[in-house]
>>> print(open('coords.txt').read())   # compact mmCIF, C-alpha atoms
# COMPACT_ATOMS: atom_id res chain seq x y z
CA MET B 142 0.00 0.00 0.00
CA ASN B 143 1.28 3.45 -0.88
CA GLY B 144 0.25 6.06 1.64
CA TRP B 145 -0.76 6.06 5.28
CA ILE B 146 -3.77 5.35 7.45
CA GLY B 147 -4.75 7.96 10.03
CA VAL B 148 -6.29 6.84 13.30
CA ASP B 149 -7.84 9.37 15.65
CA LEU B 150 -6.74 8.92 19.25
CA ASP B 151 -9.55 10.08 21.55
CA GLY B 152 -12.77 8.14 21.01
CA THR B 153 -11.39 5.93 18.23
CA LEU B 154 -8.21 4.26 19.46
CA ALA B 155 -8.50 5.26 23.13
CA HIS B 156 -11.62 5.48 25.27
CA TYR B 157 -12.84 9.07 25.70
CA ASP B 158 -15.67 10.45 27.85
CA GLU B 159 -14.57 14.02 28.40
CA TRP B 160 -11.42 16.10 28.33
CA ASN B 161 -9.32 15.35 31.41
CA GLY B 162 -6.22 17.27 30.40
CA ILE B 163 -3.26 16.75 28.11
CA THR B 164 -1.70 14.06 30.30
CA HIS B 165 -4.75 11.76 30.32
CA ILE B 166 -5.35 9.21 27.56
CA GLY B 167 -8.03 6.59 28.09
CA ASP B 168 -7.66 2.84 27.88
CA PRO B 169 -7.32 1.36 24.42
CA ILE B 170 -10.45 0.32 22.54
CA PRO B 171 -9.78 -3.38 21.96
CA ALA B 172 -11.25 -3.73 18.45
CA MET B 173 -9.40 -0.70 17.11
CA LEU B 174 -6.17 -1.62 18.87
CA ALA B 175 -6.30 -5.09 17.27
CA ARG B 176 -6.98 -3.53 13.85
CA VAL B 177 -3.99 -1.18 14.16
CA LYS B 178 -1.75 -4.07 15.19
CA ARG B 179 -2.93 -6.11 12.17
CA TRP B 180 -2.17 -3.20 9.85
CA LEU B 181 1.29 -2.78 11.35
CA ALA B 182 1.98 -6.52 11.02
CA LYS B 183 1.15 -6.19 7.31
CA GLY B 184 3.64 -3.35 7.01
CA TYR B 185 1.12 -0.52 6.64
CA ASP B 186 2.09 3.01 7.63
CA VAL B 187 -0.29 3.87 10.49
CA ARG B 188 -0.26 7.30 12.13
CA ILE B 189 -2.02 8.83 15.11
CA PHE B 190 -4.16 11.70 13.82
CA THR B 191 -5.04 14.01 16.70
CA ALA B 192 -5.82 17.63 17.51
CA ARG B 193 -3.77 17.20 20.71
CA VAL B 194 -0.68 18.28 18.74
CA SER B 195 -2.33 21.35 17.22
CA HIS B 196 -1.54 23.67 20.14
CA SER B 197 2.09 24.78 19.93
CA SER B 198 2.33 25.53 23.66
CA GLN B 199 1.50 21.90 24.56
CA GLU B 200 2.57 20.07 21.41
CA GLN B 201 5.76 18.51 22.75
CA GLU B 202 4.14 17.42 26.00
CA ALA B 203 1.23 15.91 24.06
CA ARG B 204 3.62 14.05 21.74
CA SER B 205 5.54 12.61 24.69
CA ILE B 206 2.35 11.39 26.39
CA ILE B 207 1.03 9.84 23.16
CA GLU B 208 4.37 8.19 22.39
CA ALA B 209 4.45 6.62 25.86
CA TRP B 210 0.85 5.40 25.45
CA CYS B 211 1.74 3.87 22.07
CA ASN B 212 4.77 2.09 23.51
CA VAL B 213 2.69 0.55 26.30
CA HIS B 214 -0.35 -0.48 24.24
CA ILE B 215 0.95 -0.94 20.69
CA GLY B 216 4.53 -1.89 21.44
CA GLN B 217 5.99 0.86 19.29
CA VAL B 218 5.73 4.59 18.76
CA LEU B 219 3.60 5.63 15.80
CA PRO B 220 4.05 8.89 13.89
CA ILE B 221 1.75 11.60 15.26
CA THR B 222 0.16 14.34 13.18
CA ASN B 223 -2.79 16.69 12.92
CA ILE B 224 -2.28 17.39 9.22
CA LYS B 225 -3.81 15.56 6.27
CA ASP B 226 -1.68 15.28 3.17
CA THR B 227 -2.01 13.71 -0.26
CA ARG B 228 -0.52 10.40 0.95
CA MET B 229 -3.26 9.77 3.53
CA VAL B 230 -5.43 6.98 2.08
CA GLU B 231 -7.88 6.51 4.95
CA LEU B 232 -8.90 8.16 8.21
CA TRP B 233 -10.59 6.43 11.14
CA ASP B 234 -12.26 9.02 13.37
CA ASP B 235 -15.26 9.06 15.71
CA ARG B 236 -16.33 12.52 14.53
CA ALA B 237 -15.95 12.15 10.78
CA VAL B 238 -18.83 11.83 8.33
CA GLN B 239 -17.74 10.30 5.05
CA GLY B 240 -18.83 12.05 1.89
CA THR B 241 -19.45 10.46 -1.48
CA PRO B 242 -16.66 11.78 -3.74
CA ASN B 243 -17.55 14.81 -5.86
CA THR B 244 -21.20 14.99 -4.72
CA GLY B 245 -21.35 16.63 -1.31
CA ASN B 246 -23.61 13.79 -0.16
CA PRO B 247 -22.91 11.76 2.99
CA VAL B 248 -22.24 8.04 2.76
CA GLY B 249 -23.92 7.40 6.09
CA HIS B 250 -25.33 9.86 8.58
CA SER B 251 -24.21 12.43 11.09
CA PHE B 252 -24.30 11.25 14.69
CA ASN B 253 -25.07 14.83 15.69
CA GLY B 254 -27.87 15.28 13.16
CA PHE B 255 -26.15 17.89 10.96
CA CYS B 256 -26.89 16.04 7.68
>>> encode(input="coords.txt", output="structure tokens")
Amino acid sequence: MNGWIGVDLDGTLAHYDEWNGITHIGDPIPAMLARVKRWLAKGYDVRIFTARVSHSSQEQEARSIIEAWCNVHIGQVLPITNIKDTRMVELWDDRAVQGTPNTGNPVGHSFNGFC
């Protein structure tokens, strides 16, 4: 596979109820953790995609916390980003609504009722 798969941290890879500060990351979500490990075993480029690294004043602290969490639960540090680029082939995110290409129409529905 050419490109990378983005996996949102809070609410997708790690359990999330509410914001408890930059140093708190919830327990892993078993199904998603297993999926990420399968992708890595197949040699896929998997990256943590999170807004936690979008604030310059806390970016390094957030990266360190996420890296430590990855080491414990995944067994390796994954690249961490908050930026999509042309090599991203897929994004797994609890807040995303997929759109049908070139139509503006949703594939599914909005959990918040915005569609």
>>> atom_distance(input="coords.txt", atom1="CA of Ile146 in chain B", atom2="CA of Gly254 in chain B")
26.7 Å
>>> closest_residue(input="coords.txt", among="B:Pro242, B:Gly167, B:Gly216, B:Gly152", to="Leu181 in chain B", atoms="only C-alpha atoms")
B:Gly216
>>> atom_distance(input="coords.txt", atom1="CA of Arg204 in chain B", atom2="CA of Ile221 in chain B")
7.2 Å
>>> closest_residue(input="coords.txt", among="B:Ile189, B:Ala203, B:Leu232, B:Ile215", to="Asp168 in chain B", atoms="all atoms listed in the file")
B:Ile215
>>> residues_around(input="coords.txt", residues="Ile166 in chain B", least_positions_apart="4", cutoff="8 Å", atoms="all atoms listed in the file", output="JSON, numbers by chain")
{"B": [151, 155, 156, 157, 207, 210]}
>>> closest_residue(input="coords.txt", among="B:His165, B:Lys183, B:Arg193, B:Lys178", to="Val218 in chain B", atoms="all atoms listed in the file")
B:Lys178
>>> residues_near_point(input="coords.txt", point="(-11.1, 9.2, 14.6)", cutoff="7 Å", atoms="all atoms listed in the file", output="ChimeraX atom specification")
/B:148-150,152-153,232-237
>>> write_last_selection(input="coords.txt", atoms="C-alpha atoms", output="mmCIF file, in the coordinates of the input")
data_model
loop_
_atom_site.group_PDB
_atom_site.id
_atom_site.type_symbol
_atom_site.label_atom_id
_atom_site.label_comp_id
_atom_site.auth_asym_id
_atom_site.auth_seq_id
_atom_site.Cartn_x
_atom_site.Cartn_y
_atom_site.Cartn_z
ATOM 1 C CA VAL B 148 -6.290 6.840 13.300
ATOM 2 C CA ASP B 149 -7.840 9.370 15.650
ATOM 3 C CA LEU B 150 -6.740 8.920 19.250
ATOM 4 C CA GLY B 152 -12.770 8.140 21.010
ATOM 5 C CA THR B 153 -11.390 5.930 18.230
ATOM 6 C CA LEU B 232 -8.900 8.160 8.210
ATOM 7 C CA TRP B 233 -10.590 6.430 11.140
ATOM 8 C CA ASP B 234 -12.260 9.020 13.370
ATOM 9 C CA ASP B 235 -15.260 9.060 15.710
ATOM 10 C CA ARG B 236 -16.330 12.520 14.530
ATOM 11 C CA ALA B 237 -15.950 12.150 10.780
#
>>> atom_distance(input="coords.txt", atom1="CA of Met229 in chain B", atom2="CA of Trp145 in chain B")
4.8 Å
>>> closest_residue(input="coords.txt", among="B:Ser198, B:Arg188, B:Val238, B:Trp160", to="Gln217 in chain B", atoms="only C-alpha atoms")
B:Arg188
>>> closest_residue(input="coords.txt", among="B:Glu208, B:Asp226, B:Thr241, B:Gly249", to="Thr164 in chain B", atoms="all atoms listed in the file")
B:Glu208
>>> residues_around(input="coords.txt", residues="Ile224 in chain B", least_positions_apart="4", cutoff="10 Å", atoms="all atoms listed in the file", output="list in words")
Gly147, Phe190, Thr191, Ala192, Val194, Ser195 and Met229 of chain B
>>> closest_residue(input="coords.txt", among="B:Met142, B:Thr227, B:Asn243, B:Cys211", to="Val177 in chain B", atoms="all atoms listed in the file")
B:Cys211
>>> residues_around(input="coords.txt", residues="Gln239 in chain B", least_positions_apart="5", cutoff="12 Å", atoms="only C-alpha atoms", output="VMD selection string")
chain B and resid 231 to 234 244 to 252 256
>>> build_atoms(input="coords.txt", residues="range 165-176 of chain B", atoms="all heavy atoms", output="compact mmCIF listing (two decimals), in the coordinates of the input")
# COMPACT_ATOMS: atom_id res chain seq x y z
N HIS B 165 -3.88 12.93 30.19
CA HIS B 165 -4.75 11.76 30.32
C HIS B 165 -5.14 11.22 28.95
O HIS B 165 -5.70 11.94 28.12
CB HIS B 165 -6.03 12.12 31.08
CG HIS B 165 -7.00 10.97 31.12
ND1 HIS B 165 -6.85 9.92 31.98
CD2 HIS B 165 -8.10 10.72 30.38
CE1 HIS B 165 -7.82 9.05 31.78
NE2 HIS B 165 -8.60 9.52 30.81
N ILE B 166 -4.85 9.94 28.73
CA ILE B 166 -5.35 9.21 27.56
C ILE B 166 -6.06 7.98 28.11
O ILE B 166 -5.52 7.27 28.96
CB ILE B 166 -4.21 8.80 26.61
CG1 ILE B 166 -3.47 10.03 26.09
CG2 ILE B 166 -4.79 7.98 25.43
CD1 ILE B 166 -2.28 9.71 25.22
N GLY B 167 -7.25 7.72 27.61
CA GLY B 167 -8.03 6.59 28.09
C GLY B 167 -7.44 5.25 27.72
O GLY B 167 -6.45 5.15 26.98
N ASP B 168 -8.07 4.21 28.22
CA ASP B 168 -7.66 2.84 27.88
C ASP B 168 -7.89 2.58 26.40
O ASP B 168 -8.78 3.17 25.79
CB ASP B 168 -8.47 1.84 28.70
CG ASP B 168 -8.14 1.88 30.18
OD1 ASP B 168 -6.99 2.25 30.53
OD2 ASP B 168 -9.03 1.57 30.99
N PRO B 169 -7.11 1.68 25.84
CA PRO B 169 -7.32 1.36 24.42
C PRO B 169 -8.68 0.71 24.17
O PRO B 169 -9.22 0.01 25.03
CB PRO B 169 -6.19 0.38 24.10
CG PRO B 169 -5.64 -0.08 25.38
CD PRO B 169 -6.03 0.91 26.44
N ILE B 170 -9.22 0.96 22.99
CA ILE B 170 -10.45 0.32 22.54
C ILE B 170 -10.01 -0.97 21.84
O ILE B 170 -9.34 -0.91 20.80
CB ILE B 170 -11.24 1.26 21.61
CG1 ILE B 170 -11.66 2.52 22.41
CG2 ILE B 170 -12.44 0.54 21.01
CD1 ILE B 170 -12.23 3.63 21.57
N PRO B 171 -10.35 -2.12 22.42
CA PRO B 171 -9.78 -3.38 21.96
C PRO B 171 -9.90 -3.66 20.46
O PRO B 171 -8.93 -4.07 19.82
CB PRO B 171 -10.54 -4.43 22.78
CG PRO B 171 -10.92 -3.71 24.03
CD PRO B 171 -11.23 -2.31 23.59
N ALA B 172 -11.07 -3.43 19.87
CA ALA B 172 -11.25 -3.73 18.45
C ALA B 172 -10.35 -2.87 17.57
O ALA B 172 -9.75 -3.34 16.60
CB ALA B 172 -12.71 -3.56 18.05
N MET B 173 -10.23 -1.59 17.91
CA MET B 173 -9.40 -0.70 17.11
C MET B 173 -7.92 -0.99 17.34
O MET B 173 -7.12 -0.95 16.39
CB MET B 173 -9.72 0.76 17.44
CG MET B 173 -9.20 1.74 16.42
SD MET B 173 -10.06 1.55 14.84
CE MET B 173 -8.73 1.90 13.73
N LEU B 174 -7.56 -1.28 18.57
CA LEU B 174 -6.17 -1.62 18.87
C LEU B 174 -5.75 -2.86 18.07
O LEU B 174 -4.67 -2.88 17.47
CB LEU B 174 -5.99 -1.86 20.36
CG LEU B 174 -4.58 -2.19 20.83
CD1 LEU B 174 -3.62 -1.04 20.56
CD2 LEU B 174 -4.59 -2.55 22.30
N ALA B 175 -6.60 -3.87 18.03
CA ALA B 175 -6.30 -5.09 17.27
C ALA B 175 -6.16 -4.78 15.78
O ALA B 175 -5.27 -5.31 15.10
CB ALA B 175 -7.38 -6.14 17.51
N ARG B 176 -7.03 -3.91 15.27
CA ARG B 176 -6.98 -3.53 13.85
C ARG B 176 -5.66 -2.84 13.53
O ARG B 176 -4.99 -3.15 12.55
CB ARG B 176 -8.17 -2.61 13.52
CG ARG B 176 -8.26 -2.20 12.07
CD ARG B 176 -9.53 -1.39 11.79
NE ARG B 176 -10.70 -2.25 11.90
CZ ARG B 176 -11.65 -2.12 12.83
NH1 ARG B 176 -11.58 -1.15 13.74
NH2 ARG B 176 -12.68 -2.94 12.86
